[in-house]
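Asks: Sending over a structure as structure tokens; questions will come in a sec.
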Amino acid sequence: MTLRLFNTLTGQLDPLTPADGRALRMYACGPTVYDFGHIGNFRTFLHIDVLRRFLHLSGIQVRHVMNITDVDDKIIRNAAAAGQPIGEYTAPFEEAFFEDLDALRVERPELIPRATDNVPQMVALIQRLEKQGAAYRTEDGSWYFRIAAFPAYGKLSKKDLSGMEDGARVDVDEYEKDSSRDFALWKAAKPGEASWETPLGRGRPGWHIECSAMAMEYLGESFDLHAGGEDLIFPHHENEIAQSETATGRPFARHWMHVRFLLVDGRKMAKSEGNFYTLRDLLLKGYRASAIRLALISVPYRHPINFTFESLTDATGAIDRLRTFRSRLTSGEFPEGQNPAVEAAALAAREAYRAALANDLNTADARAPVFELVRSANTAMDKGEFFAANRESVLQVLADFDRVFDVLEDRDLEATRRALAWAEKSGRMADVAPELKASASISDAEIDTLVAERVEAKKQRNFTRADQIRAQLAEKGIVIEDAKDGTRWKRK
Ligand code: AMP
Ligand code: ZN
């Protein structure tokens, strides 16, 4: 089933397939590593992860490049304030970014180039633009792109640029969203700033040229898809198109995907608004990484969403339902035979799931039939109408679901423990929810041992010991549930 994905450039759903018939070449703008990412940033990376995982599920190979922006105005400013070279300043934030991606189970792109490792490619691209008369140098030694050299400027953002002034310039990385000006390709070195000695003079690259140069270096001049958050449409992506297509005379990316914002009370979650949560903030409050993943991907990427704690609680409940169901499915004993109604429900769920994802990655419509199947299969089990030969097809639906959603395996404790270790190291223990400290102090294996001991104690009719173990675990926020088909436990 071919994925039809909204394309910001054409304004419609376009089929997304590899132009070379082999691997889909995609570039996603990565983080600027000047601080910890907030969960708004991760909403974007998570939906790009949904895309790559669905492509894999559909049998399409992917060559996915994500850059690390490790030089920009904010980094230079913060590193100077900390009295550090920029690389020393950014290293811990880059490491934290990957730790957070791992906690959220975001698959690694095939290539993750750093801007500072690709400066010669940026310089070469600017030189190419200069030859075409599209780049010019100003008195202070900076270089600008002349947007009048690219008549199609504005085609991505659909901005009306009639009031555009030829030669008006802007040199900061972030600027008012509506100003269309010649933008900086290369910034002349200022005293004390990180800079490179190059044929363009001493200086450093502008933000937009970084992405054009790295995308073309690793994917070629024309490639399949470019992605990022909606705030990147203008000016960042508009500028990438202008400079790349001017240089090569060929279309840059065919398809543009933009993830809408995670909002707080209707406003973009952003560092500058002070309304943000980092992943660590939420893990230390006791929310599970898998619940954060599920909550952030369950609303389709083309809808803005308001962040709420309630959505995390709902996601926790949904994950518990799925995990409990899967263990009932794999460890329960069912009579021989097959119920055709269950088979039909499983097949329909699997098709509806894939069709919803193929329809512009509609994650909300995709998860609905899976949860509906869980409900109907649970009912069939309760009534004795679920048979051994139904197991495989239902498991297959869960496997397809988890290939993209990836929340069934419980690896949450690992992520929480890493966050706790970080809190300890950075003096943030006061932010840790007390129940979490208790729960994280006992491992799954230790709980398994105690639960097995309790089952044995009950068999021996040693109820004092069994109750003691239940109480000991309850103190750590572990709940034991005795069901017909065995004893289960979970962390609250
Ligand atoms: P940055 O590290 O600021 O360059 O941002 C990394 C990615 O996060 C970019 O693709 C941004 O568009 C995206 N982004 C920033 N804020 C939000 C938000 N509130 N919701 C969704 N994506 C965002
Ligand atoms: Zn970019």
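In the structure tokens, chains take the letters A, B, ... in the order shown, each chain's residues start at 1, and ligands count up from 1 in the order shown.
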Quick one: residues within 9 Å of ligand 2, with only C-alpha atoms and all ligand atoms, as a VMD selection string?
Replies: chain A and resid 27 to 31 66 to 67 69 207 to 212 215 226 to 228 232 236 to 237 240
Asks: Contacts of range 477-487 of chain A at 7 Å or less, counting only C-alpha atoms, minus same-chain residues fewer than 5 places along, as a list in words?
Replies: Gly332, Glu435, Ser439, Arg470 and Lys492 of chain A
Asks: Name each residue within 6 Å of ligand 1, counting only C-alpha atoms and all ligand atoms, as a short mmCIF file (atom, residue, chain, number, x, y, z; two decimals) with N, CA, C and O atoms, in the first residue's frame.
Replies:
```
data_model
loop_
_atom_site.label_atom_id
_atom_site.label_comp_id
_atom_site.auth_asym_id
_atom_site.auth_seq_id
_atom_site.Cartn_x
_atom_site.Cartn_y
_atom_site.Cartn_z
N CYS A 29 15.69 18.02 9.44
CA CYS A 29 16.48 18.98 10.20
C CYS A 29 16.60 18.48 11.63
O CYS A 29 15.59 18.16 12.27
N GLY A 30 17.81 18.42 12.12
CA GLY A 30 18.04 17.91 13.47
C GLY A 30 18.06 19.02 14.50
O GLY A 30 17.70 20.16 14.20
N PRO A 31 18.49 18.69 15.70
CA PRO A 31 18.44 19.67 16.79
C PRO A 31 19.58 20.68 16.73
O PRO A 31 20.63 20.40 16.17
N THR A 32 19.32 21.83 17.32
CA THR A 32 20.39 22.77 17.61
C THR A 32 20.79 22.48 19.05
O THR A 32 19.96 22.61 19.96
N GLY A 40 8.27 19.31 22.72
CA GLY A 40 7.77 19.82 21.44
C GLY A 40 8.74 19.42 20.33
O GLY A 40 8.33 18.88 19.29
N ASN A 41 10.02 19.62 20.55
CA ASN A 41 11.03 19.17 19.57
C ASN A 41 10.84 17.67 19.33
O ASN A 41 10.88 17.20 18.19
N ARG A 43 8.24 15.87 19.63
CA ARG A 43 7.04 15.53 18.86
C ARG A 43 7.43 15.42 17.38
O ARG A 43 7.03 14.49 16.68
N THR A 44 8.21 16.38 16.91
CA THR A 44 8.62 16.35 15.51
C THR A 44 9.49 15.12 15.21
O THR A 44 9.23 14.38 14.26
N GLY A 228 10.65 18.49 8.81
CA GLY A 228 10.98 19.29 9.99
C GLY A 228 9.70 19.77 10.64
O GLY A 228 8.60 19.44 10.18
N GLY A 229 9.83 20.56 11.69
CA GLY A 229 8.65 21.14 12.33
C GLY A 229 8.10 22.29 11.50
O GLY A 229 8.80 22.83 10.64
N GLU A 230 6.84 22.66 11.75
CA GLU A 230 6.18 23.66 10.90
C GLU A 230 6.86 25.03 10.93
O GLU A 230 6.76 25.80 9.98
N ASP A 231 7.56 25.33 12.03
CA ASP A 231 8.23 26.64 12.09
C ASP A 231 9.40 26.74 11.11
O ASP A 231 9.93 27.82 10.88
N LEU A 232 9.80 25.62 10.53
CA LEU A 232 10.93 25.66 9.60
C LEU A 232 10.54 25.98 8.16
O LEU A 232 11.40 26.25 7.32
N ARG A 260 3.14 19.66 12.78
CA ARG A 260 2.54 20.81 13.48
C ARG A 260 3.01 20.84 14.92
O ARG A 260 3.49 19.85 15.48
N PHE A 261 2.78 21.97 15.57
CA PHE A 261 3.34 22.20 16.91
C PHE A 261 2.69 21.41 18.03
O PHE A 261 1.49 21.14 18.00
N LEU A 262 3.48 21.15 19.02
CA LEU A 262 2.97 20.82 20.34
C LEU A 262 2.77 22.16 21.05
O LEU A 262 3.69 22.99 21.09
N LEU A 263 1.57 22.36 21.55
CA LEU A 263 1.21 23.65 22.14
C LEU A 263 1.02 23.51 23.65
O LEU A 263 0.78 22.41 24.15
N LYS A 268 2.76 27.82 21.08
CA LYS A 268 3.84 26.90 20.76
C LYS A 268 4.68 26.62 22.00
O LYS A 268 5.07 27.56 22.71
N MET A 269 4.95 25.34 22.26
CA MET A 269 5.90 25.03 23.33
C MET A 269 7.28 25.46 22.84
O MET A 269 7.72 25.05 21.76
N ALA A 270 7.95 26.31 23.58
CA ALA A 270 9.24 26.84 23.13
C ALA A 270 10.07 27.29 24.32
O ALA A 270 9.53 27.72 25.34
#
```
Asks: What lies within 8 Å of Ala242 in chain A using only C-alpha atoms, ignoring chain neighbours under 3 positions off, as a list of chain:residue names?
Replies: A:Ile147, A:Phe150, A:Ala152, A:Tyr153, A:Glu238, A:Asn239, A:Glu245, A:Thr246
Asks: Kindly export the residues of the current selection with all heavy atoms, as an mmCIF file, in the first residue's frame.
Replies:
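Generated file (again-v7.cif):
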```
data_model
loop_
_atom_site.group_PDB
_atom_site.id
_atom_site.type_symbol
_atom_site.label_atom_id
_atom_site.label_comp_id
_atom_site.auth_asym_id
_atom_site.auth_seq_id
_atom_site.Cartn_x
_atom_site.Cartn_y
_atom_site.Cartn_z
ATOM 1 N N ILE A 147 17.954 37.026 -2.938
ATOM 2 C CA ILE A 147 16.745 36.252 -3.255
ATOM 3 C C ILE A 147 16.120 36.682 -4.584
ATOM 4 O O ILE A 147 15.386 35.911 -5.192
ATOM 5 C CB ILE A 147 15.693 36.223 -2.112
ATOM 6 C CG1 ILE A 147 15.262 37.594 -1.687
ATOM 7 C CG2 ILE A 147 16.170 35.420 -0.931
ATOM 8 C CD1 ILE A 147 14.164 37.525 -0.632
ATOM 9 N N PHE A 150 16.336 34.234 -7.428
ATOM 10 C CA PHE A 150 15.524 33.008 -7.480
ATOM 11 C C PHE A 150 14.038 33.399 -7.584
ATOM 12 O O PHE A 150 13.370 33.610 -6.571
ATOM 13 C CB PHE A 150 15.788 32.171 -6.224
ATOM 14 C CG PHE A 150 15.133 30.812 -6.252
ATOM 15 C CD1 PHE A 150 15.493 29.855 -7.193
ATOM 16 C CD2 PHE A 150 14.136 30.491 -5.332
ATOM 17 C CE1 PHE A 150 14.892 28.606 -7.215
ATOM 18 C CE2 PHE A 150 13.523 29.237 -5.351
ATOM 19 C CZ PHE A 150 13.902 28.300 -6.290
ATOM 20 N N ALA A 152 11.401 31.898 -8.065
ATOM 21 C CA ALA A 152 10.378 31.047 -7.427
ATOM 22 C C ALA A 152 10.377 31.188 -5.906
ATOM 23 O O ALA A 152 9.687 30.445 -5.209
ATOM 24 C CB ALA A 152 10.619 29.594 -7.822
ATOM 25 N N TYR A 153 11.131 32.157 -5.382
ATOM 26 C CA TYR A 153 11.212 32.322 -3.922
ATOM 27 C C TYR A 153 9.812 32.499 -3.343
ATOM 28 O O TYR A 153 9.030 33.325 -3.820
ATOM 29 C CB TYR A 153 12.073 33.541 -3.573
ATOM 30 C CG TYR A 153 12.446 33.575 -2.102
ATOM 31 C CD1 TYR A 153 13.477 32.773 -1.618
ATOM 32 C CD2 TYR A 153 11.743 34.363 -1.198
ATOM 33 C CE1 TYR A 153 13.820 32.783 -0.274
ATOM 34 C CE2 TYR A 153 12.073 34.379 0.149
ATOM 35 C CZ TYR A 153 13.113 33.575 0.610
ATOM 36 O OH TYR A 153 13.437 33.569 1.943
ATOM 37 N N GLU A 238 12.392 27.522 2.963
ATOM 38 C CA GLU A 238 12.281 28.368 1.766
ATOM 39 C C GLU A 238 13.690 28.758 1.297
ATOM 40 O O GLU A 238 14.001 28.719 0.103
ATOM 41 C CB GLU A 238 11.479 29.625 2.144
ATOM 42 C CG GLU A 238 10.968 30.414 0.977
ATOM 43 C CD GLU A 238 9.816 29.728 0.248
ATOM 44 O OE1 GLU A 238 8.733 29.582 0.829
ATOM 45 O OE2 GLU A 238 10.020 29.340 -0.911
ATOM 46 N N ASN A 239 14.534 29.094 2.249
ATOM 47 C CA ASN A 239 15.904 29.511 1.906
ATOM 48 C C ASN A 239 16.743 28.330 1.420
ATOM 49 O O ASN A 239 17.573 28.471 0.513
ATOM 50 C CB ASN A 239 16.570 30.181 3.110
ATOM 51 C CG ASN A 239 15.955 31.540 3.403
ATOM 52 O OD1 ASN A 239 15.160 32.046 2.606
ATOM 53 N ND2 ASN A 239 16.296 32.126 4.535
ATOM 54 N N GLU A 245 18.438 25.132 -5.273
ATOM 55 C CA GLU A 245 17.955 25.038 -6.657
ATOM 56 C C GLU A 245 18.664 26.053 -7.557
ATOM 57 O O GLU A 245 18.877 25.796 -8.738
ATOM 58 C CB GLU A 245 16.430 25.171 -6.704
ATOM 59 C CG GLU A 245 15.779 24.035 -5.918
ATOM 60 C CD GLU A 245 14.280 23.840 -6.151
ATOM 61 O OE1 GLU A 245 13.650 24.674 -6.813
ATOM 62 O OE2 GLU A 245 13.759 22.817 -5.651
ATOM 63 N N THR A 246 19.045 27.196 -6.981
ATOM 64 C CA THR A 246 19.829 28.157 -7.767
ATOM 65 C C THR A 246 21.174 27.532 -8.134
ATOM 66 O O THR A 246 21.630 27.616 -9.281
ATOM 67 C CB THR A 246 20.055 29.458 -6.976
ATOM 68 O OG1 THR A 246 18.787 30.008 -6.658
ATOM 69 C CG2 THR A 246 20.855 30.468 -7.772
#
```
Asks: Work out how far apart CA of Ala415 in chain A and CA of His64 in chain A are and give it in Å to one decimal.
Replies: 24.8 Å
Asks: Neighbouring residues of range 98-109 of chain A were defined as those with any atom within 9 Å, considering only C-alpha atoms; residues of the same chain fewer than 4 positions away were excluded. Please report them as a ChimeraX atom specification.
Replies: /A:37,42,45-46,48-50,52-53,62-66,93-94,279-280,289-290,292-293,406-407,411-412,414-416,418
Asks: Between A:Leu185, A:Ala356, A:Leu13, A:Met122, single out the one closest to Tyr136 in chain A, counting only C-alpha atoms.
Replies: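 For Tyr136 in chain A, the nearest of the given residues is A:Leu185.
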Asks: So, counting only C-alpha atoms, which residue among A:Leu347, A:Ala253, A:Leu5, A:Ala423 is closest to Gly220 in chain A?
Replies: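 Nearest to Gly220 in chain A: A:Ala253.
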Asks: Going by DSSP on the backbone, which residues of range 281-340 of chain A come out as helix (DSSP H, G or I)? List them as a PyMOL selection string.
Replies: chain A and resi 281-284+289-298+309-331+340
Asks: Save out the residues we just selected, N, CA, C and O atoms, as a compact mmCIF listing (two decimals), in the first residue's frame.
Replies:
```txt
# COMPACT_ATOMS: atom_id res chain seq x y z
N ASP A 281 12.22 16.17 32.69
CA ASP A 281 11.24 16.71 33.64
C ASP A 281 10.11 15.69 33.84
O ASP A 281 9.66 15.44 34.96
N LEU A 282 9.62 15.14 32.74
CA LEU A 282 8.46 14.26 32.82
C LEU A 282 8.82 12.90 33.41
O LEU A 282 8.06 12.33 34.20
N LEU A 283 10.00 12.38 33.05
CA LEU A 283 10.42 11.08 33.61
C LEU A 283 10.58 11.20 35.13
O LEU A 283 10.21 10.29 35.87
N LEU A 284 11.10 12.33 35.58
CA LEU A 284 11.33 12.50 37.03
C LEU A 284 10.02 12.72 37.78
O LEU A 284 9.95 12.52 38.99
N ALA A 289 8.46 6.60 29.80
CA ALA A 289 8.90 7.02 28.47
C ALA A 289 7.95 6.50 27.39
O ALA A 289 7.62 7.21 26.44
N SER A 290 7.47 5.26 27.55
CA SER A 290 6.59 4.70 26.51
C SER A 290 5.28 5.48 26.45
O SER A 290 4.70 5.66 25.37
N ALA A 291 4.79 5.95 27.61
CA ALA A 291 3.53 6.71 27.61
C ALA A 291 3.72 8.07 26.94
O ALA A 291 2.83 8.56 26.23
N ILE A 292 4.90 8.65 27.13
CA ILE A 292 5.18 9.94 26.50
C ILE A 292 5.24 9.74 24.98
O ILE A 292 4.68 10.50 24.20
N ARG A 293 5.91 8.65 24.57
CA ARG A 293 5.95 8.34 23.13
C ARG A 293 4.54 8.19 22.57
O ARG A 293 4.18 8.80 21.58
N LEU A 294 3.74 7.35 23.23
CA LEU A 294 2.40 7.08 22.69
C LEU A 294 1.55 8.36 22.66
O LEU A 294 0.86 8.62 21.67
N ALA A 295 1.63 9.15 23.73
CA ALA A 295 0.82 10.37 23.76
C ALA A 295 1.23 11.33 22.63
O ALA A 295 0.38 11.94 21.99
N LEU A 296 2.52 11.42 22.38
CA LEU A 296 2.98 12.39 21.38
C LEU A 296 2.74 11.92 19.95
O LEU A 296 2.65 12.75 19.04
N ILE A 297 2.63 10.60 19.74
CA ILE A 297 2.39 10.17 18.35
C ILE A 297 0.93 9.84 18.06
O ILE A 297 0.57 9.69 16.90
N SER A 298 0.10 9.76 19.08
CA SER A 298 -1.28 9.32 18.82
C SER A 298 -2.12 10.37 18.11
O SER A 298 -3.13 10.04 17.50
N PHE A 309 -1.19 16.66 30.96
CA PHE A 309 -0.76 15.51 31.75
C PHE A 309 -1.77 14.38 31.63
O PHE A 309 -1.44 13.21 31.72
N GLU A 310 -3.03 14.78 31.41
CA GLU A 310 -4.08 13.77 31.25
C GLU A 310 -3.77 12.85 30.06
O GLU A 310 -4.00 11.64 30.14
N SER A 311 -3.21 13.42 28.99
CA SER A 311 -2.91 12.58 27.83
C SER A 311 -1.84 11.54 28.18
O SER A 311 -1.85 10.43 27.66
N LEU A 312 -0.94 11.89 29.11
CA LEU A 312 0.09 10.93 29.52
C LEU A 312 -0.54 9.83 30.38
O LEU A 312 -0.19 8.64 30.25
N THR A 313 -1.48 10.22 31.24
CA THR A 313 -2.16 9.22 32.08
C THR A 313 -2.98 8.28 31.19
O THR A 313 -2.97 7.06 31.38
N ASP A 314 -3.68 8.85 30.20
CA ASP A 314 -4.46 8.01 29.28
C ASP A 314 -3.54 7.04 28.54
O ASP A 314 -3.87 5.86 28.37
N ALA A 315 -2.40 7.54 28.09
CA ALA A 315 -1.47 6.69 27.34
C ALA A 315 -0.94 5.57 28.23
O ALA A 315 -0.77 4.43 27.78
N THR A 316 -0.69 5.89 29.51
CA THR A 316 -0.22 4.85 30.44
C THR A 316 -1.25 3.74 30.54
O THR A 316 -0.92 2.55 30.47
N GLY A 317 -2.52 4.12 30.68
CA GLY A 317 -3.61 3.13 30.77
C GLY A 317 -3.69 2.30 29.50
O GLY A 317 -3.85 1.07 29.54
N ALA A 318 -3.55 2.96 28.35
CA ALA A 318 -3.66 2.25 27.07
C ALA A 318 -2.52 1.23 26.94
O ALA A 318 -2.73 0.10 26.48
N ILE A 319 -1.32 1.62 27.35
CA ILE A 319 -0.17 0.71 27.25
C ILE A 319 -0.37 -0.48 28.19
O ILE A 319 -0.09 -1.63 27.82
N ASP A 320 -0.86 -0.22 29.39
CA ASP A 320 -1.13 -1.34 30.32
C ASP A 320 -2.12 -2.32 29.71
O ASP A 320 -1.95 -3.53 29.81
N ARG A 321 -3.17 -1.78 29.06
CA ARG A 321 -4.17 -2.66 28.45
C ARG A 321 -3.52 -3.53 27.39
O ARG A 321 -3.75 -4.74 27.32
N LEU A 322 -2.69 -2.92 26.57
CA LEU A 322 -2.05 -3.67 25.49
C LEU A 322 -1.09 -4.72 26.02
O LEU A 322 -1.07 -5.86 25.56
N ARG A 323 -0.28 -4.33 27.00
CA ARG A 323 0.72 -5.28 27.53
C ARG A 323 0.04 -6.43 28.25
O ARG A 323 0.44 -7.59 28.11
N THR A 324 -1.01 -6.13 29.01
CA THR A 324 -1.74 -7.18 29.72
C THR A 324 -2.37 -8.13 28.70
O THR A 324 -2.33 -9.35 28.85
N PHE A 325 -2.93 -7.54 27.65
CA PHE A 325 -3.57 -8.37 26.63
C PHE A 325 -2.55 -9.28 25.95
O PHE A 325 -2.78 -10.47 25.76
N ARG A 326 -1.39 -8.70 25.63
CA ARG A 326 -0.40 -9.53 24.95
C ARG A 326 0.07 -10.68 25.84
O ARG A 326 0.25 -11.81 25.37
N SER A 327 0.22 -10.41 27.14
CA SER A 327 0.70 -11.52 27.97
C SER A 327 -0.42 -12.56 28.14
O SER A 327 -0.15 -13.76 28.18
N ARG A 328 -1.67 -12.12 28.14
CA ARG A 328 -2.78 -13.08 28.18
C ARG A 328 -2.78 -13.92 26.90
O ARG A 328 -3.00 -15.14 26.94
N LEU A 329 -2.49 -13.28 25.80
CA LEU A 329 -2.50 -13.95 24.50
C LEU A 329 -1.37 -14.96 24.40
O LEU A 329 -1.53 -16.06 23.86
N THR A 330 -0.19 -14.60 24.91
CA THR A 330 0.95 -15.50 24.75
C THR A 330 0.99 -16.58 25.83
O THR A 330 1.43 -17.70 25.57
N SER A 331 0.52 -16.26 27.06
CA SER A 331 0.67 -17.27 28.10
C SER A 331 -0.65 -17.97 28.45
O SER A 331 -0.64 -18.97 29.16
N PRO A 340 -13.76 -18.40 13.49
CA PRO A 340 -13.63 -17.60 12.26
C PRO A 340 -13.93 -16.12 12.49
O PRO A 340 -13.35 -15.26 11.82
```
Asks: Point out the residue among A:Leu16, A:Ala184, A:Pro205, A:Ile126 with the least atom-to-atom distance to Asp70 in chain A, counting only C-alpha atoms.
Replies: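 Closest candidate: A:Pro205.
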Asks: Write out as a list in words the residues lying within 8 Å of Val432 in chain A, counting only C-alpha atoms and excluding same-chain residues fewer than 3 positions away.
Replies: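 Contacts, with the query itself left out: Leu284, Lys285, Gly286, Leu420, Ala423, Arg428, Met429, Leu436 and Lys437 of chain A.
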Asks: Near Gly133 in chain A, counting only C-alpha atoms, which residues have an atom at most 12 Å away, once you skip same-chain residues fewer than 5 positions from it, shown as an mmCIF file with all heavy atoms, in the first residue's frame?
Replies:
```
data_model
loop_
_atom_site.group_PDB
_atom_site.id
_atom_site.type_symbol
_atom_site.label_atom_id
_atom_site.label_comp_id
_atom_site.auth_asym_id
_atom_site.auth_seq_id
_atom_site.Cartn_x
_atom_site.Cartn_y
_atom_site.Cartn_z
ATOM 1 N N ILE A 126 28.614 27.951 -1.477
ATOM 2 C CA ILE A 126 28.550 29.416 -1.556
ATOM 3 C C ILE A 126 29.360 29.916 -2.764
ATOM 4 O O ILE A 126 28.935 30.822 -3.488
ATOM 5 C CB ILE A 126 29.049 30.053 -0.235
ATOM 6 C CG1 ILE A 126 28.134 29.630 0.918
ATOM 7 C CG2 ILE A 126 29.100 31.584 -0.356
ATOM 8 C CD1 ILE A 126 28.651 29.970 2.310
ATOM 9 N N GLN A 127 30.503 29.266 -2.999
ATOM 10 C CA GLN A 127 31.312 29.666 -4.160
ATOM 11 C C GLN A 127 30.558 29.418 -5.469
ATOM 12 O O GLN A 127 30.626 30.212 -6.405
ATOM 13 C CB GLN A 127 32.638 28.907 -4.162
ATOM 14 C CG GLN A 127 33.573 29.396 -3.055
ATOM 15 C CD GLN A 127 34.854 28.584 -2.995
ATOM 16 O OE1 GLN A 127 34.827 27.341 -3.032
ATOM 17 N NE2 GLN A 127 35.990 29.268 -2.892
ATOM 18 N N ARG A 128 29.824 28.336 -5.491
ATOM 19 C CA ARG A 128 29.031 28.015 -6.680
ATOM 20 C C ARG A 128 27.963 29.105 -6.905
ATOM 21 O O ARG A 128 27.718 29.540 -8.034
ATOM 22 C CB ARG A 128 28.345 26.676 -6.400
ATOM 23 C CG ARG A 128 28.144 25.803 -7.590
ATOM 24 C CD ARG A 128 27.829 24.400 -7.098
ATOM 25 N NE ARG A 128 26.957 23.737 -8.049
ATOM 26 C CZ ARG A 128 26.446 22.529 -7.880
ATOM 27 N NH1 ARG A 128 26.706 21.850 -6.762
ATOM 28 N NH2 ARG A 128 25.673 21.991 -8.784
ATOM 29 N N TRP A 143 28.727 37.003 3.651
ATOM 30 C CA TRP A 143 28.169 36.672 2.337
ATOM 31 C C TRP A 143 26.661 36.499 2.457
ATOM 32 O O TRP A 143 26.174 35.919 3.427
ATOM 33 C CB TRP A 143 28.776 35.362 1.814
ATOM 34 C CG TRP A 143 30.202 35.513 1.418
ATOM 35 C CD1 TRP A 143 31.284 35.538 2.242
ATOM 36 C CD2 TRP A 143 30.697 35.664 0.087
ATOM 37 N NE1 TRP A 143 32.433 35.689 1.523
ATOM 38 C CE2 TRP A 143 32.106 35.772 0.187
ATOM 39 C CE3 TRP A 143 30.105 35.717 -1.186
ATOM 40 C CZ2 TRP A 143 32.921 35.922 -0.923
ATOM 41 C CZ3 TRP A 143 30.914 35.856 -2.293
ATOM 42 C CH2 TRP A 143 32.314 35.974 -2.160
ATOM 43 N N TYR A 144 25.958 36.991 1.437
ATOM 44 C CA TYR A 144 24.493 36.903 1.439
ATOM 45 C C TYR A 144 23.976 36.254 0.170
ATOM 46 O O TYR A 144 24.612 36.350 -0.890
ATOM 47 C CB TYR A 144 23.879 38.308 1.558
ATOM 48 C CG TYR A 144 24.067 38.883 2.936
ATOM 49 C CD1 TYR A 144 25.261 39.506 3.281
ATOM 50 C CD2 TYR A 144 23.070 38.767 3.898
ATOM 51 C CE1 TYR A 144 25.462 40.003 4.557
ATOM 52 C CE2 TYR A 144 23.262 39.263 5.178
ATOM 53 C CZ TYR A 144 24.461 39.880 5.501
ATOM 54 O OH TYR A 144 24.651 40.358 6.755
ATOM 55 N N PHE A 145 22.804 35.633 0.289
ATOM 56 C CA PHE A 145 22.120 35.111 -0.894
ATOM 57 C C PHE A 145 21.162 36.184 -1.392
ATOM 58 O O PHE A 145 20.397 36.749 -0.606
ATOM 59 C CB PHE A 145 21.330 33.839 -0.542
ATOM 60 C CG PHE A 145 20.613 33.262 -1.725
ATOM 61 C CD1 PHE A 145 21.286 32.453 -2.634
ATOM 62 C CD2 PHE A 145 19.264 33.555 -1.956
ATOM 63 C CE1 PHE A 145 20.635 31.947 -3.749
ATOM 64 C CE2 PHE A 145 18.609 33.050 -3.070
ATOM 65 C CZ PHE A 145 19.295 32.241 -3.971
ATOM 66 N N ARG A 146 21.202 36.424 -2.704
ATOM 67 C CA ARG A 146 20.333 37.450 -3.290
ATOM 68 C C ARG A 146 19.015 36.764 -3.688
ATOM 69 O O ARG A 146 18.973 36.032 -4.669
ATOM 70 C CB ARG A 146 21.026 38.030 -4.524
ATOM 71 C CG ARG A 146 20.279 39.193 -5.180
ATOM 72 C CD ARG A 146 20.872 39.534 -6.551
ATOM 73 N NE ARG A 146 22.325 39.722 -6.537
ATOM 74 C CZ ARG A 146 22.942 40.838 -6.115
ATOM 75 N NH1 ARG A 146 22.246 41.855 -5.669
ATOM 76 N NH2 ARG A 146 24.250 40.907 -6.158
ATOM 77 N N ILE A 147 17.954 37.026 -2.938
ATOM 78 C CA ILE A 147 16.745 36.252 -3.255
ATOM 79 C C ILE A 147 16.120 36.682 -4.584
ATOM 80 O O ILE A 147 15.386 35.911 -5.192
ATOM 81 C CB ILE A 147 15.693 36.223 -2.112
ATOM 82 C CG1 ILE A 147 15.262 37.594 -1.687
ATOM 83 C CG2 ILE A 147 16.170 35.420 -0.931
ATOM 84 C CD1 ILE A 147 14.164 37.525 -0.632
ATOM 85 N N ALA A 148 16.488 37.870 -5.051
ATOM 86 C CA ALA A 148 15.976 38.272 -6.370
ATOM 87 C C ALA A 148 16.510 37.352 -7.470
ATOM 88 O O ALA A 148 15.968 37.300 -8.580
ATOM 89 C CB ALA A 148 16.363 39.715 -6.659
ATOM 90 N N ALA A 149 17.576 36.581 -7.146
ATOM 91 C CA ALA A 149 18.159 35.666 -8.139
ATOM 92 C C ALA A 149 17.310 34.404 -8.300
ATOM 93 O O ALA A 149 17.576 33.581 -9.176
ATOM 94 C CB ALA A 149 19.583 35.278 -7.722
ATOM 95 N N PHE A 150 16.336 34.234 -7.428
ATOM 96 C CA PHE A 150 15.524 33.008 -7.480
ATOM 97 C C PHE A 150 14.038 33.399 -7.584
ATOM 98 O O PHE A 150 13.370 33.610 -6.571
ATOM 99 C CB PHE A 150 15.788 32.171 -6.224
ATOM 100 C CG PHE A 150 15.133 30.812 -6.252
ATOM 101 C CD1 PHE A 150 15.493 29.855 -7.193
ATOM 102 C CD2 PHE A 150 14.136 30.491 -5.332
ATOM 103 C CE1 PHE A 150 14.892 28.606 -7.215
ATOM 104 C CE2 PHE A 150 13.523 29.237 -5.351
ATOM 105 C CZ PHE A 150 13.902 28.300 -6.290
ATOM 106 N N GLN A 243 18.608 28.514 -2.298
ATOM 107 C CA GLN A 243 20.052 28.424 -2.548
ATOM 108 C C GLN A 243 20.412 27.107 -3.251
ATOM 109 O O GLN A 243 21.281 27.078 -4.130
ATOM 110 C CB GLN A 243 20.838 28.612 -1.243
ATOM 111 C CG GLN A 243 20.540 27.567 -0.206
ATOM 112 C CD GLN A 243 20.848 27.981 1.234
ATOM 113 O OE1 GLN A 243 21.259 29.106 1.489
ATOM 114 N NE2 GLN A 243 20.656 27.060 2.151
ATOM 115 N N THR A 246 19.045 27.196 -6.981
ATOM 116 C CA THR A 246 19.829 28.157 -7.767
ATOM 117 C C THR A 246 21.174 27.532 -8.134
ATOM 118 O O THR A 246 21.630 27.616 -9.281
ATOM 119 C CB THR A 246 20.055 29.458 -6.976
ATOM 120 O OG1 THR A 246 18.787 30.008 -6.658
ATOM 121 C CG2 THR A 246 20.855 30.468 -7.772
ATOM 122 N N ALA A 247 21.795 26.871 -7.152
ATOM 123 C CA ALA A 247 23.121 26.301 -7.401
ATOM 124 C C ALA A 247 23.075 25.171 -8.421
ATOM 125 O O ALA A 247 23.929 25.092 -9.298
ATOM 126 C CB ALA A 247 23.728 25.807 -6.092
#
```
Asks: For Glu385 in chain A, which of A:Leu125, A:Val342, A:Ala399, A:Ala352 is the closest residue, counting only C-alpha atoms?
Replies: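 Nearest candidate to Glu385 in chain A out of A:Leu125, A:Val342, A:Ala399, A:Ala352: A:Val342.
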